[in-house]
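Peer 1: Can you read through this structure? Questions will come right after.
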Amino acid sequence: MPIFRPRYNSIWLGAAMLVGTTLATTAQYVPNRPTDPNQRQVVLVHQDTSDCSGRDVPNTDSPSVRGTIWATRLFDGNTSVKVAMTAKPNTVYHVSLKCVRQIGDIKTDDEGIGNLSLVFPTDLVGAEYSFELAPDVASAGSRYQSAQISFK
Amino acid sequence: MNRIALSHTIAATFLLLALPATSAHAQASRTWVSGVGDDVNPCSRTAPCKTFAGAISKTALNGEINCLDPGGFGSVTIVKSITIDCHEIFGSVLFSGTNGINIPFNSFAATDTRKTVRLRNLNLNGVDTGLVGIRISGGSTITGGVVIIEDTLIDGVFAGSASGILDDRTGGGELYVSNTTVRNTGTFGIAYNPGAAGQRLDIALDNVRVQNSANIGILIGNNGRAMINRAVVTGNAQIGVGASGSAAASEINLSNSVVSNNGLGVGNLNGTVTVRLSNNDISFNATAFSGVTQSHVNNRIQGNSALGPAPTPIGSTSNPTGLQ
C-alpha cells in the first residue's frame with residue numbers, strides 16, 4: 001500500500017499546480033484586444049537549437065527574447081512574414097523556415113536593429129512550423145529560434 | 001610524471017581561486033558608454049564601452065553607468081542594483097521585436113541587499129515593433145525590489161504585450177516613475193499587472209504623461225497601491241486609468257491630474273478596488289467613469305460624452321468632502 005502513496009501525492013501535486021496556474025492566469029488583467037484570425041505572433045529566442053516545429057521554444061516574454069515574428073495567411077495562397085529583431089550589430093542573418101529552406105536575409109544595423117518583410121507560398125509548410133535565423137558562420141550562441149506558429 | 005601532474009593541479013587550483021577575486025576587482029563603481037566606444041574596453045572614461053549590456057558586467061554592484069556622448073546604447077538586462085544615468089546626454093535604446101530594458105528580480109543575487117535599479121534620462125524607442133520598454137518581472141524568490149525611473153521617454157511599442165512600463169512581479173516592492181512620458185503603445189502605457197495576488201507593490205507616479213496606448217494608459221493590478229499625481233493621461237483608446245483587484249485589493253489615489261480624450265476615463269475594472277479622486281480634470285472621454293469610484297468633491301468633470309456611475313463623495317455629513 002505505501003507504494004501507491006507517492007503516486008497519489010504526485011496526482012494531488014499536479015492538480016494543485018494546475019489550479020495554481022489557472023488562478024495565476026485569471027488573476028492578471030487581460031486586455032480586450034481585437035485579433036486577426038489569420039495572423040500569429042510569436043517570439044524569437046536566442047538559442048541554438050529547437051525541433052522542426054518550434055514546440056520546444058517557449059512563446060513567452062523573457063530576457064532571452066530577441067525579436068518578434070508575425071505570420072499572416074493571405075487569401076492569395078501566400079503567407080506574409082514580418083520579422084523584427086534586436087541582435088548583433090551589422091550582421092546578416094539567414095531566415096529559414098525551420099527544416100524546410102531559407103527564405104530570405106535580414107541585416108541588422110549598427111545598433112543591432114533588423115526588420116524584414118517577405119512572402120512565401122503557404123503550402124511550403126504545414127499548419128505548424130517555426131523559423132530559424134543564423135549568420136553565415138553560425139558559431140555556438142549565434143542562432144535564434146522562433147516559437148511555434150500554429151494555424152491548427 | 002606524477003610530480004608534474006601534481007604541480008599542474010596546484011597551479012590550476014591557485015588560478016581558479018584567483019579568478020573570481022580578479023574579476024571582482026575589475027568592476028568599477030562608475031563606467032562609461034560612448035557612441036564611438038567598444039565593448040572590449042574597460043568602460044573607463046578614456047576607454048568607454050559601446051553598449052549598456054557591455055558596460056553592466058564591468059560595473060560594480062550599486063555602481064553607475066554614465067553616457068560620455070550621445071548615442072544608441074542598446075537593450076540591456078539588469079540583474080543587480082545599479083544606476084544608468086545619461087543626464088544631459090542623449091542616451092537612447094532602440095529595441096525591435098524585443099524589450100528595451102529587462103529587470104528580472106529573480107535573477108538578482110540574494111546578497112544584493114538594496115535590490116534597487118535607478119534609470120534616469122533615457123530615451124527608449126521600440127521603432128514600432130518593440131515589446132516592452134521597461135519590463136520588470138520575477139519577485140517570487142527575490143522580493144521587495146525597487147525600481148526608480150526618472151526623466152525618461154518611451155515611445156513606439158506595438159508588438160505582443162506592447163507596453164511602455166510593464167511590472168508583473170509578485171514579490172512586492174516599490175515602483176517610482178517621475179518626469180516621464182510614455183506614448184504610442186499597443187497595450188498598456190504604465191501597468192502593474194501581476195498574475196497572482198503576491199505581495200503589496202507601492203507605486204508613485206509623479207508628473208507623467210501617458211498618451212495613445214491602444215488599451216489602457218495606466219493600469220494598477222492586484223495588491224498595487226498607487227499614488228498618481230500631476231499625470232496627463234490622454235488619447236488612450238480604451239481606458240485612461242484603470243484598477244483591477246481580481247485576486248487582491250488594489251487602490252489608486254489620483255490627484256491633480258488630467259484624464260481626457262480616452263475611451264473610458266477612470267475605471268474600476270473588477271474585483272476589490274478603491275479609486276479616490278482629488279482635484280482632477282476628467283474631460284472629453286467617451287465615458288467618464290465605470291464601477292464605483294470615490295471623490296473628494298473637488299474634481300472638474302465636464303465635456304464627457306457619458307458620465308457613467310458618478311463618483312461617491314468621500315467623508316461624512318460633518319466633513320462632506322473628506323478634506324483634512
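Residue numbering restarts at 1 in every chain; chains get A, B, ... in the order shown in the C-alpha cells, and ligands count up from 1 in that same order.
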Mind checking which residues fall within 12 Å of Ala147 of chain A, counting only C-alpha atoms, ignoring those fewer than 4 positions away in the same chain, and posting them as a count of residues only?

Peer 2: 35

Peer 1: Leaving out Ile148 of chain B and any residue of its chain fewer than 3 positions from it, which residues lie within 8 Å of it when counting only C-alpha atoms, given as a PDB file with N, CA and C atoms, in the first residue's frame?

Peer 2:
ATOM      1  N   THR B 116      17.892  47.580  -5.918  1.00  0.00           N
ATOM      2  CA  THR B 116      17.382  48.858  -6.402  1.00  0.00           C
ATOM      3  C   THR B 116      17.980  49.197  -7.767  1.00  0.00           C
ATOM      4  N   VAL B 117      17.117  49.481  -8.724  1.00  0.00           N
ATOM      5  CA  VAL B 117      17.559  49.873 -10.059  1.00  0.00           C
ATOM      6  C   VAL B 117      17.072  51.296 -10.322  1.00  0.00           C
ATOM      7  N   ARG B 118      18.026  52.148 -10.713  1.00  0.00           N
ATOM      8  CA  ARG B 118      17.678  53.543 -10.999  1.00  0.00           C
ATOM      9  C   ARG B 118      17.969  53.824 -12.469  1.00  0.00           C
ATOM     10  N   LEU B 119      16.958  54.276 -13.203  1.00  0.00           N
ATOM     11  CA  LEU B 119      17.117  54.618 -14.615  1.00  0.00           C
ATOM     12  C   LEU B 119      16.790  56.090 -14.780  1.00  0.00           C
ATOM     13  N   LEU B 175       7.768  50.905  -7.045  1.00  0.00           N
ATOM     14  CA  LEU B 175       7.967  51.406  -8.404  1.00  0.00           C
ATOM     15  C   LEU B 175       7.691  52.903  -8.383  1.00  0.00           C
ATOM     16  N   TYR B 176       8.724  53.677  -8.710  1.00  0.00           N
ATOM     17  CA  TYR B 176       8.580  55.131  -8.732  1.00  0.00           C
ATOM     18  C   TYR B 176       8.899  55.643 -10.131  1.00  0.00           C
ATOM     19  N   VAL B 177       7.965  56.393 -10.694  1.00  0.00           N
ATOM     20  CA  VAL B 177       8.177  56.957 -12.031  1.00  0.00           C
ATOM     21  C   VAL B 177       7.889  58.445 -11.957  1.00  0.00           C
TER      22      VAL B 177
END

Peer 1: Find the residues of chain A that sit at most 8 Å from chain B; for each, write down the nearest two atoms and how far apart they are in Å, to one decimal. Count only C-alpha atoms. Sort by chain, then by number going up, and give it as JSON lines.

Peer 2:
{"residue": "A:Leu23", "atom": "CA", "partner": "B:Ala196", "partner_atom": "CA", "distance": 7.1}
{"residue": "A:Ala24", "atom": "CA", "partner": "B:Gly195", "partner_atom": "CA", "distance": 4.8}
{"residue": "A:Thr25", "atom": "CA", "partner": "B:Gly195", "partner_atom": "CA", "distance": 5.8}
{"residue": "A:Thr26", "atom": "CA", "partner": "B:Gly195", "partner_atom": "CA", "distance": 7.3}
{"residue": "A:Ala27", "atom": "CA", "partner": "B:Gly195", "partner_atom": "CA", "distance": 5.2}
{"residue": "A:Gln28", "atom": "CA", "partner": "B:Gly195", "partner_atom": "CA", "distance": 4.3}
{"residue": "A:Tyr29", "atom": "CA", "partner": "B:Asn193", "partner_atom": "CA", "distance": 6.4}
{"residue": "A:Pro31", "atom": "CA", "partner": "B:Asn215", "partner_atom": "CA", "distance": 6.8}
{"residue": "A:Asn32", "atom": "CA", "partner": "B:Asn215", "partner_atom": "CA", "distance": 7.4}
{"residue": "A:Arg33", "atom": "CA", "partner": "B:Asn215", "partner_atom": "CA", "distance": 7.5}
{"residue": "A:Gln41", "atom": "CA", "partner": "B:Gly160", "partner_atom": "CA", "distance": 7.2}
{"residue": "A:Val43", "atom": "CA", "partner": "B:Gly97", "partner_atom": "CA", "distance": 7.9}
{"residue": "A:Pro63", "atom": "CA", "partner": "B:Asn102", "partner_atom": "CA", "distance": 6.3}
{"residue": "A:Val65", "atom": "CA", "partner": "B:Thr98", "partner_atom": "CA", "distance": 6.1}
{"residue": "A:Arg66", "atom": "CA", "partner": "B:Thr98", "partner_atom": "CA", "distance": 5.2}
{"residue": "A:Gly67", "atom": "CA", "partner": "B:Gly97", "partner_atom": "CA", "distance": 3.9}
{"residue": "A:Thr68", "atom": "CA", "partner": "B:Gly97", "partner_atom": "CA", "distance": 4.4}
{"residue": "A:Ile69", "atom": "CA", "partner": "B:Gly97", "partner_atom": "CA", "distance": 7.7}
{"residue": "A:Val83", "atom": "CA", "partner": "B:Gly97", "partner_atom": "CA", "distance": 7.7}
{"residue": "A:Ala84", "atom": "CA", "partner": "B:Gly97", "partner_atom": "CA", "distance": 4.7}
{"residue": "A:Met85", "atom": "CA", "partner": "B:Gly97", "partner_atom": "CA", "distance": 5.0}
{"residue": "A:Thr86", "atom": "CA", "partner": "B:Ser96", "partner_atom": "CA", "distance": 5.4}
{"residue": "A:Glu111", "atom": "CA", "partner": "B:Gly74", "partner_atom": "CA", "distance": 6.4}
{"residue": "A:Gly112", "atom": "CA", "partner": "B:Gly74", "partner_atom": "CA", "distance": 7.7}
{"residue": "A:Ile113", "atom": "CA", "partner": "B:Ser96", "partner_atom": "CA", "distance": 6.0}
{"residue": "A:Gly114", "atom": "CA", "partner": "B:Ser96", "partner_atom": "CA", "distance": 7.2}
{"residue": "A:Asn115", "atom": "CA", "partner": "B:Ser96", "partner_atom": "CA", "distance": 7.7}

Peer 1: Applying 6 Å and only C-alpha atoms, which residues near Asn66 of chain B remain after dropping the ones on its own chain fewer than 6 positions away? List them as a list in words.

Peer 2: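 Those residues are Trp32, Asp85 and Cys86 of chain B.
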
Peer 1: Can you pull out the residues contacting Asn62 of chain B? Cut-off 8 Å, using only C-alpha atoms, and skip same-chain residues under 4 positions away; I want them as a list in words.

Peer 2: Ser29, Lys80, Ser81, Ile82, Thr83 and Arg114 of chain B

Peer 1: Now that the selection is made, can you save its residues with C-alpha atoms as a PDB file, in the first residue's frame?

Peer 2:
ATOM      1  CA  SER B  29      31.887  51.884  -9.424  1.00  0.00           C
ATOM      2  CA  LYS B  80      21.914  43.728  -9.899  1.00  0.00           C
ATOM      3  CA  SER B  81      21.433  47.037  -8.128  1.00  0.00           C
ATOM      4  CA  ILE B  82      22.714  49.705 -10.456  1.00  0.00           C
ATOM      5  CA  THR B  83      22.115  53.196 -11.836  1.00  0.00           C
ATOM      6  CA  ARG B 114      19.496  47.047  -1.994  1.00  0.00           C
TER       7      ARG B 114
END

Peer 1: Find the spatial neighbours of segment 256-258 of chain B, counting only C-alpha atoms, within a cut-off of 7 Å - ignore same-chain residues fewer than 2 positions away - and output them as a PyMOL selection string.

Peer 2: chain B and resi 229-233+254+260+278-282

Peer 1: List every residue of chain A that DSSP, applied to the backbone of this structure, assigns to strand (DSSP E or B), and report them as a tab-separated table (two decimals) with N, CA and C atoms, in the first residue's frame.

Peer 2:
chain	number	residue	atom	x	y	z
A	39	GLN	N	-3.68	35.75	-38.39
A	39	GLN	CA	-2.34	36.20	-38.01
A	39	GLN	C	-1.88	35.51	-36.72
A	40	ARG	N	-0.61	35.15	-36.69
A	40	ARG	CA	0.01	34.62	-35.48
A	40	ARG	C	1.24	35.47	-35.17
A	41	GLN	N	1.47	35.64	-33.89
A	41	GLN	CA	2.64	36.41	-33.46
A	41	GLN	C	3.41	35.58	-32.45
A	42	VAL	N	4.68	35.36	-32.70
A	42	VAL	CA	5.49	34.56	-31.77
A	42	VAL	C	6.81	35.26	-31.50
A	43	VAL	N	7.46	34.82	-30.44
A	43	VAL	CA	8.75	35.43	-30.08
A	43	VAL	C	9.90	34.70	-30.78
A	44	LEU	N	10.99	35.41	-30.90
A	44	LEU	CA	12.23	34.87	-31.46
A	44	LEU	C	13.23	34.83	-30.31
A	45	VAL	N	13.72	33.63	-30.01
A	45	VAL	CA	14.51	33.43	-28.79
A	45	VAL	C	15.96	33.13	-29.15
A	65	VAL	N	14.33	36.69	-25.14
A	65	VAL	CA	13.62	37.09	-26.36
A	65	VAL	C	14.40	38.18	-27.08
A	66	ARG	N	14.67	37.95	-28.34
A	66	ARG	CA	15.44	38.91	-29.13
A	66	ARG	C	14.66	39.43	-30.33
A	67	GLY	N	13.42	39.02	-30.46
A	67	GLY	CA	12.65	39.52	-31.59
A	67	GLY	C	11.23	38.98	-31.60
A	68	THR	N	10.50	39.43	-32.58
A	68	THR	CA	9.11	39.01	-32.74
A	68	THR	C	8.87	38.71	-34.21
A	69	ILE	N	8.07	37.69	-34.47
A	69	ILE	CA	7.71	37.34	-35.84
A	69	ILE	C	6.19	37.32	-35.96
A	70	TRP	N	5.70	37.98	-36.98
A	70	TRP	CA	4.29	37.95	-37.31
A	70	TRP	C	4.12	37.15	-38.61
A	71	ALA	N	3.21	36.19	-38.62
A	71	ALA	CA	2.91	35.45	-39.85
A	71	ALA	C	1.42	35.62	-40.14
A	72	THR	N	1.12	36.03	-41.36
A	72	THR	CA	-0.28	36.27	-41.72
A	72	THR	C	-0.61	35.49	-42.98
A	73	ARG	N	-1.61	34.62	-42.89
A	73	ARG	CA	-2.06	33.89	-44.08
A	73	ARG	C	-2.89	34.82	-44.96
A	78	ASN	N	-0.54	32.78	-50.22
A	78	ASN	CA	0.77	33.08	-49.65
A	78	ASN	C	0.65	33.41	-48.16
A	79	THR	N	1.80	33.35	-47.50
A	79	THR	CA	1.87	33.80	-46.11
A	79	THR	C	2.85	34.95	-46.03
A	80	SER	N	2.41	36.03	-45.41
A	80	SER	CA	3.26	37.20	-45.23
A	80	SER	C	3.96	37.10	-43.88
A	81	VAL	N	5.25	37.37	-43.88
A	81	VAL	CA	6.02	37.29	-42.64
A	81	VAL	C	6.71	38.62	-42.37
A	82	LYS	N	6.62	39.04	-41.13
A	82	LYS	CA	7.35	40.23	-40.71
A	82	LYS	C	8.24	39.83	-39.52
A	83	VAL	N	9.53	40.15	-39.64
A	83	VAL	CA	10.48	39.83	-38.58
A	83	VAL	C	11.04	41.13	-38.02
A	84	ALA	N	11.01	41.26	-36.70
A	84	ALA	CA	11.65	42.41	-36.05
A	84	ALA	C	12.57	41.86	-34.97
A	85	MET	N	13.84	42.22	-35.03
A	85	MET	CA	14.78	41.66	-34.05
A	85	MET	C	15.81	42.68	-33.60
A	86	THR	N	16.36	42.43	-32.45
A	86	THR	CA	17.48	43.22	-31.92
A	86	THR	C	18.59	42.22	-31.58
A	92	VAL	N	24.43	39.89	-41.01
A	92	VAL	CA	23.39	39.32	-41.86
A	92	VAL	C	22.96	37.98	-41.27
A	93	TYR	N	21.66	37.85	-41.05
A	93	TYR	CA	21.11	36.58	-40.58
A	93	TYR	C	20.27	35.97	-41.70
A	94	HIS	N	20.49	34.68	-41.97
A	94	HIS	CA	19.68	33.97	-42.94
A	94	HIS	C	18.40	33.50	-42.25
A	95	VAL	N	17.27	33.85	-42.85
A	95	VAL	CA	15.97	33.49	-42.28
A	95	VAL	C	15.48	32.21	-42.96
A	96	SER	N	15.27	31.17	-42.16
A	96	SER	CA	14.83	29.89	-42.73
A	96	SER	C	13.52	29.45	-42.10
A	97	LEU	N	12.69	28.82	-42.95
A	97	LEU	CA	11.60	28.02	-42.40
A	97	LEU	C	12.28	26.76	-41.87
A	101	ARG	N	13.49	25.39	-45.82
A	101	ARG	CA	14.51	26.05	-46.63
A	101	ARG	C	14.65	27.52	-46.23
A	102	GLN	N	15.73	28.12	-46.70
A	102	GLN	CA	15.95	29.54	-46.44
A	102	GLN	C	15.00	30.37	-47.29
A	103	ILE	N	14.45	31.42	-46.71
A	103	ILE	CA	13.50	32.24	-47.47
A	103	ILE	C	13.93	33.71	-47.56
A	104	GLY	N	14.99	34.09	-46.90
A	104	GLY	CA	15.42	35.49	-47.01
A	104	GLY	C	16.56	35.81	-46.07
A	105	ASP	N	17.01	37.04	-46.12
A	105	ASP	CA	18.09	37.52	-45.24
A	105	ASP	C	17.62	38.78	-44.51
A	106	ILE	N	18.17	38.97	-43.33
A	106	ILE	CA	17.88	40.19	-42.57
A	106	ILE	C	19.22	40.74	-42.09
A	107	LYS	N	19.41	42.03	-42.27
A	107	LYS	CA	20.68	42.64	-41.86
A	107	LYS	C	20.42	43.62	-40.74
A	113	ILE	N	19.49	46.59	-34.79
A	113	ILE	CA	18.07	46.53	-35.18
A	113	ILE	C	17.94	45.94	-36.57
A	114	GLY	N	17.07	44.96	-36.72
A	114	GLY	CA	16.81	44.37	-38.03
A	114	GLY	C	15.32	44.17	-38.26
A	115	ASN	N	14.85	44.54	-39.43
A	115	ASN	CA	13.45	44.34	-39.79
A	115	ASN	C	13.37	43.74	-41.18
A	116	LEU	N	12.42	42.86	-41.39
A	116	LEU	CA	12.28	42.20	-42.68
A	116	LEU	C	10.82	41.85	-42.92
A	117	SER	N	10.36	42.08	-44.13
A	117	SER	CA	9.03	41.62	-44.55
A	117	SER	C	9.20	40.79	-45.81
A	118	LEU	N	8.56	39.64	-45.85
A	118	LEU	CA	8.62	38.81	-47.06
A	118	LEU	C	7.36	37.95	-47.14
A	119	VAL	N	7.26	37.26	-48.29
A	119	VAL	CA	6.10	36.42	-48.54
A	119	VAL	C	6.59	35.06	-49.01
A	120	PHE	N	5.95	33.98	-48.56
A	120	PHE	CA	6.27	32.64	-49.09
A	120	PHE	C	4.97	31.89	-49.33
A	121	PRO	N	5.00	30.89	-50.25
A	121	PRO	CA	3.78	30.12	-50.51
A	121	PRO	C	3.35	29.35	-49.27
A	128	GLU	N	1.79	23.73	-38.69
A	128	GLU	CA	2.67	24.11	-37.58
A	128	GLU	C	4.10	24.18	-38.08
A	129	TYR	N	4.75	25.27	-37.82
A	129	TYR	CA	6.12	25.43	-38.28
A	129	TYR	C	6.83	26.49	-37.45
A	131	PHE	N	10.64	29.22	-37.35
A	131	PHE	CA	11.72	29.88	-38.10
A	131	PHE	C	13.04	29.73	-37.34
A	132	GLU	N	14.11	29.77	-38.12
A	132	GLU	CA	15.45	29.83	-37.53
A	132	GLU	C	16.22	30.95	-38.22
A	133	LEU	N	16.96	31.70	-37.45
A	133	LEU	CA	17.82	32.74	-38.00
A	133	LEU	C	19.25	32.44	-37.60
A	134	ALA	N	20.13	32.44	-38.58
A	134	ALA	CA	21.54	32.12	-38.29
A	134	ALA	C	22.43	32.95	-39.20
A	135	PRO	N	23.57	33.38	-38.67
A	135	PRO	CA	24.52	34.12	-39.51
A	135	PRO	C	25.29	33.16	-40.43
A	144	TYR	N	19.09	31.95	-33.60
A	144	TYR	CA	17.82	32.36	-32.99
A	144	TYR	C	16.72	31.43	-33.50
A	145	GLN	N	15.85	31.00	-32.59
A	145	GLN	CA	14.74	30.10	-32.93
A	145	GLN	C	13.43	30.79	-32.59
A	146	SER	N	12.46	30.59	-33.46
A	146	SER	CA	11.14	31.14	-33.15
A	146	SER	C	10.33	30.11	-32.39
A	149	ILE	N	4.63	28.48	-34.75
A	149	ILE	CA	3.47	29.14	-35.36
A	149	ILE	C	2.48	28.04	-35.70
A	150	SER	N	1.30	28.12	-35.15
A	150	SER	CA	0.30	27.07	-35.36
A	150	SER	C	-0.99	27.66	-35.90

Peer 1: Using only C-alpha atoms for the distances, tell me which of B:Gly139, B:Gly315, B:Gly171, B:Gly265 is nearest to Gln302 of chain B.

Peer 2: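 Under the stated criterion, the closest residue is B:Gly265.
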
Peer 1: If you count only C-alpha atoms, which residues fall within 12 Å of Ile252 of chain B, apart from same-chain ones fewer than 5 positions away, as an mmCIF file with N, CA and C atoms, in the first residue's frame?

Peer 2:
data_model
loop_
_atom_site.group_PDB
_atom_site.id
_atom_site.type_symbol
_atom_site.label_atom_id
_atom_site.label_comp_id
_atom_site.auth_asym_id
_atom_site.auth_seq_id
_atom_site.Cartn_x
_atom_site.Cartn_y
_atom_site.Cartn_z
ATOM 1 N N TYR B 192 1.002 47.871 -13.749
ATOM 2 C CA TYR B 192 1.375 46.852 -12.767
ATOM 3 C C TYR B 192 0.306 45.774 -12.876
ATOM 4 N N LEU B 201 2.727 46.061 -3.813
ATOM 5 C CA LEU B 201 3.665 46.911 -4.532
ATOM 6 C C LEU B 201 3.240 48.360 -4.342
ATOM 7 N N ASP B 202 4.151 49.174 -3.835
ATOM 8 C CA ASP B 202 3.879 50.602 -3.660
ATOM 9 C C ASP B 202 4.327 51.342 -4.913
ATOM 10 N N ILE B 203 3.426 52.157 -5.448
ATOM 11 C CA ILE B 203 3.692 52.822 -6.724
ATOM 12 C C ILE B 203 3.454 54.323 -6.554
ATOM 13 N N ALA B 204 4.381 55.103 -7.055
ATOM 14 C CA ALA B 204 4.160 56.554 -7.107
ATOM 15 C C ALA B 204 4.498 57.032 -8.509
ATOM 16 N N LEU B 205 3.533 57.638 -9.161
ATOM 17 C CA LEU B 205 3.741 58.211 -10.483
ATOM 18 C C LEU B 205 3.563 59.713 -10.340
ATOM 19 N N ILE B 218 -2.919 53.791 -17.777
ATOM 20 C CA ILE B 218 -2.303 53.367 -16.507
ATOM 21 C C ILE B 218 -3.185 52.286 -15.900
ATOM 22 N N LEU B 219 -2.589 51.116 -15.652
ATOM 23 C CA LEU B 219 -3.320 50.008 -15.029
ATOM 24 C C LEU B 219 -2.628 49.632 -13.724
ATOM 25 N N ILE B 220 -3.406 49.546 -12.656
ATOM 26 C CA ILE B 220 -2.891 49.090 -11.366
ATOM 27 C C ILE B 220 -3.625 47.810 -10.989
ATOM 28 N N GLY B 221 -2.879 46.702 -10.898
ATOM 29 C CA GLY B 221 -3.488 45.396 -10.645
ATOM 30 C C GLY B 221 -3.376 44.963 -9.201
ATOM 31 N N ASN B 222 -3.526 43.669 -8.998
ATOM 32 C CA ASN B 222 -3.634 43.066 -7.671
ATOM 33 C C ASN B 222 -2.572 43.530 -6.679
ATOM 34 N N ASN B 223 -3.042 43.992 -5.534
ATOM 35 C CA ASN B 223 -2.166 44.375 -4.430
ATOM 36 C C ASN B 223 -1.266 45.563 -4.763
ATOM 37 N N GLY B 224 -1.658 46.348 -5.740
ATOM 38 C CA GLY B 224 -0.935 47.581 -6.038
ATOM 39 C C GLY B 224 -1.538 48.747 -5.279
ATOM 40 N N ARG B 225 -0.674 49.616 -4.764
ATOM 41 C CA ARG B 225 -1.141 50.837 -4.099
ATOM 42 C C ARG B 225 -0.483 52.005 -4.818
ATOM 43 N N ALA B 226 -1.257 52.737 -5.598
ATOM 44 C CA ALA B 226 -0.664 53.743 -6.481
ATOM 45 C C ALA B 226 -1.097 55.144 -6.103
ATOM 46 N N MET B 227 -0.108 56.005 -5.925
ATOM 47 C CA MET B 227 -0.348 57.433 -5.764
ATOM 48 C C MET B 227 0.034 58.089 -7.085
ATOM 49 N N ILE B 228 -0.954 58.618 -7.777
ATOM 50 C CA ILE B 228 -0.700 59.226 -9.084
ATOM 51 C C ILE B 228 -0.949 60.721 -8.957
ATOM 52 N N ASN B 229 0.068 61.499 -9.234
ATOM 53 C CA ASN B 229 -0.017 62.941 -9.036
ATOM 54 C C ASN B 229 0.502 63.650 -10.272
ATOM 55 N N VAL B 241 -7.279 55.527 -16.928
ATOM 56 C CA VAL B 241 -6.721 54.995 -15.685
ATOM 57 C C VAL B 241 -7.636 53.885 -15.194
ATOM 58 N N GLY B 242 -7.083 52.687 -14.963
ATOM 59 C CA GLY B 242 -7.909 51.565 -14.531
ATOM 60 C C GLY B 242 -7.277 50.825 -13.378
ATOM 61 N N ALA B 243 -8.137 50.258 -12.524
ATOM 62 C CA ALA B 243 -7.656 49.443 -11.410
ATOM 63 C C ALA B 243 -8.361 48.094 -11.442
ATOM 64 N N SER B 244 -7.577 47.044 -11.209
ATOM 65 C CA SER B 244 -8.117 45.689 -11.211
ATOM 66 C C SER B 244 -7.692 44.998 -9.931
ATOM 67 N N GLY B 245 -8.638 44.389 -9.235
ATOM 68 C CA GLY B 245 -8.309 43.707 -7.984
ATOM 69 C C GLY B 245 -8.950 42.341 -7.924
ATOM 70 N N VAL B 266 -11.854 56.885 -16.136
ATOM 71 C CA VAL B 266 -11.362 56.200 -14.942
ATOM 72 C C VAL B 266 -12.223 54.968 -14.710
ATOM 73 N N GLY B 267 -11.565 53.794 -14.608
ATOM 74 C CA GLY B 267 -12.339 52.562 -14.494
ATOM 75 C C GLY B 267 -11.990 51.738 -13.280
ATOM 76 N N ASN B 268 -13.045 51.366 -12.520
ATOM 77 C CA ASN B 268 -12.939 50.317 -11.519
ATOM 78 C C ASN B 268 -13.268 49.036 -12.292
ATOM 79 N N THR B 272 -11.726 43.768 -6.012
ATOM 80 C CA THR B 272 -11.741 44.708 -4.892
ATOM 81 C C THR B 272 -10.853 45.897 -5.225
ATOM 82 N N VAL B 273 -11.487 47.004 -5.495
ATOM 83 C CA VAL B 273 -10.764 48.177 -5.988
ATOM 84 C C VAL B 273 -11.239 49.420 -5.256
ATOM 85 N N THR B 274 -10.291 50.283 -4.914
ATOM 86 C CA THR B 274 -10.645 51.598 -4.388
ATOM 87 C C THR B 274 -9.981 52.654 -5.254
ATOM 88 N N VAL B 275 -10.771 53.573 -5.761
ATOM 89 C CA VAL B 275 -10.234 54.685 -6.549
ATOM 90 C C VAL B 275 -10.696 55.983 -5.894
ATOM 91 N N ARG B 276 -9.728 56.793 -5.478
ATOM 92 C CA ARG B 276 -10.058 58.080 -4.857
ATOM 93 C C ARG B 276 -9.589 59.203 -5.776
ATOM 94 N N LEU B 277 -10.458 60.167 -5.997
ATOM 95 C CA LEU B 277 -10.164 61.241 -6.953
ATOM 96 C C LEU B 277 -10.126 62.572 -6.230
ATOM 97 N N SER B 278 -9.082 63.362 -6.518
ATOM 98 C CA SER B 278 -8.990 64.669 -5.883
ATOM 99 C C SER B 278 -8.380 65.678 -6.835
ATOM 100 N N THR B 293 -16.294 54.599 -7.823
ATOM 101 C CA THR B 293 -15.137 55.451 -7.542
ATOM 102 C C THR B 293 -15.516 56.434 -6.446
ATOM 103 N N GLN B 294 -14.520 57.037 -5.821
ATOM 104 C CA GLN B 294 -14.794 57.989 -4.749
ATOM 105 C C GLN B 294 -14.179 59.346 -5.091
ATOM 106 N N SER B 295 -14.819 60.382 -4.630
ATOM 107 C CA SER B 295 -14.353 61.725 -4.977
ATOM 108 C C SER B 295 -14.303 62.620 -3.739
#

Peer 1: Closest to Asn38 of chain A among A:Val137, A:Arg143, A:Ala87, A:Thr122, using only C-alpha atoms?

Peer 2: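 Nearest candidate to Asn38 of chain A out of A:Val137, A:Arg143, A:Ala87, A:Thr122: A:Thr122.
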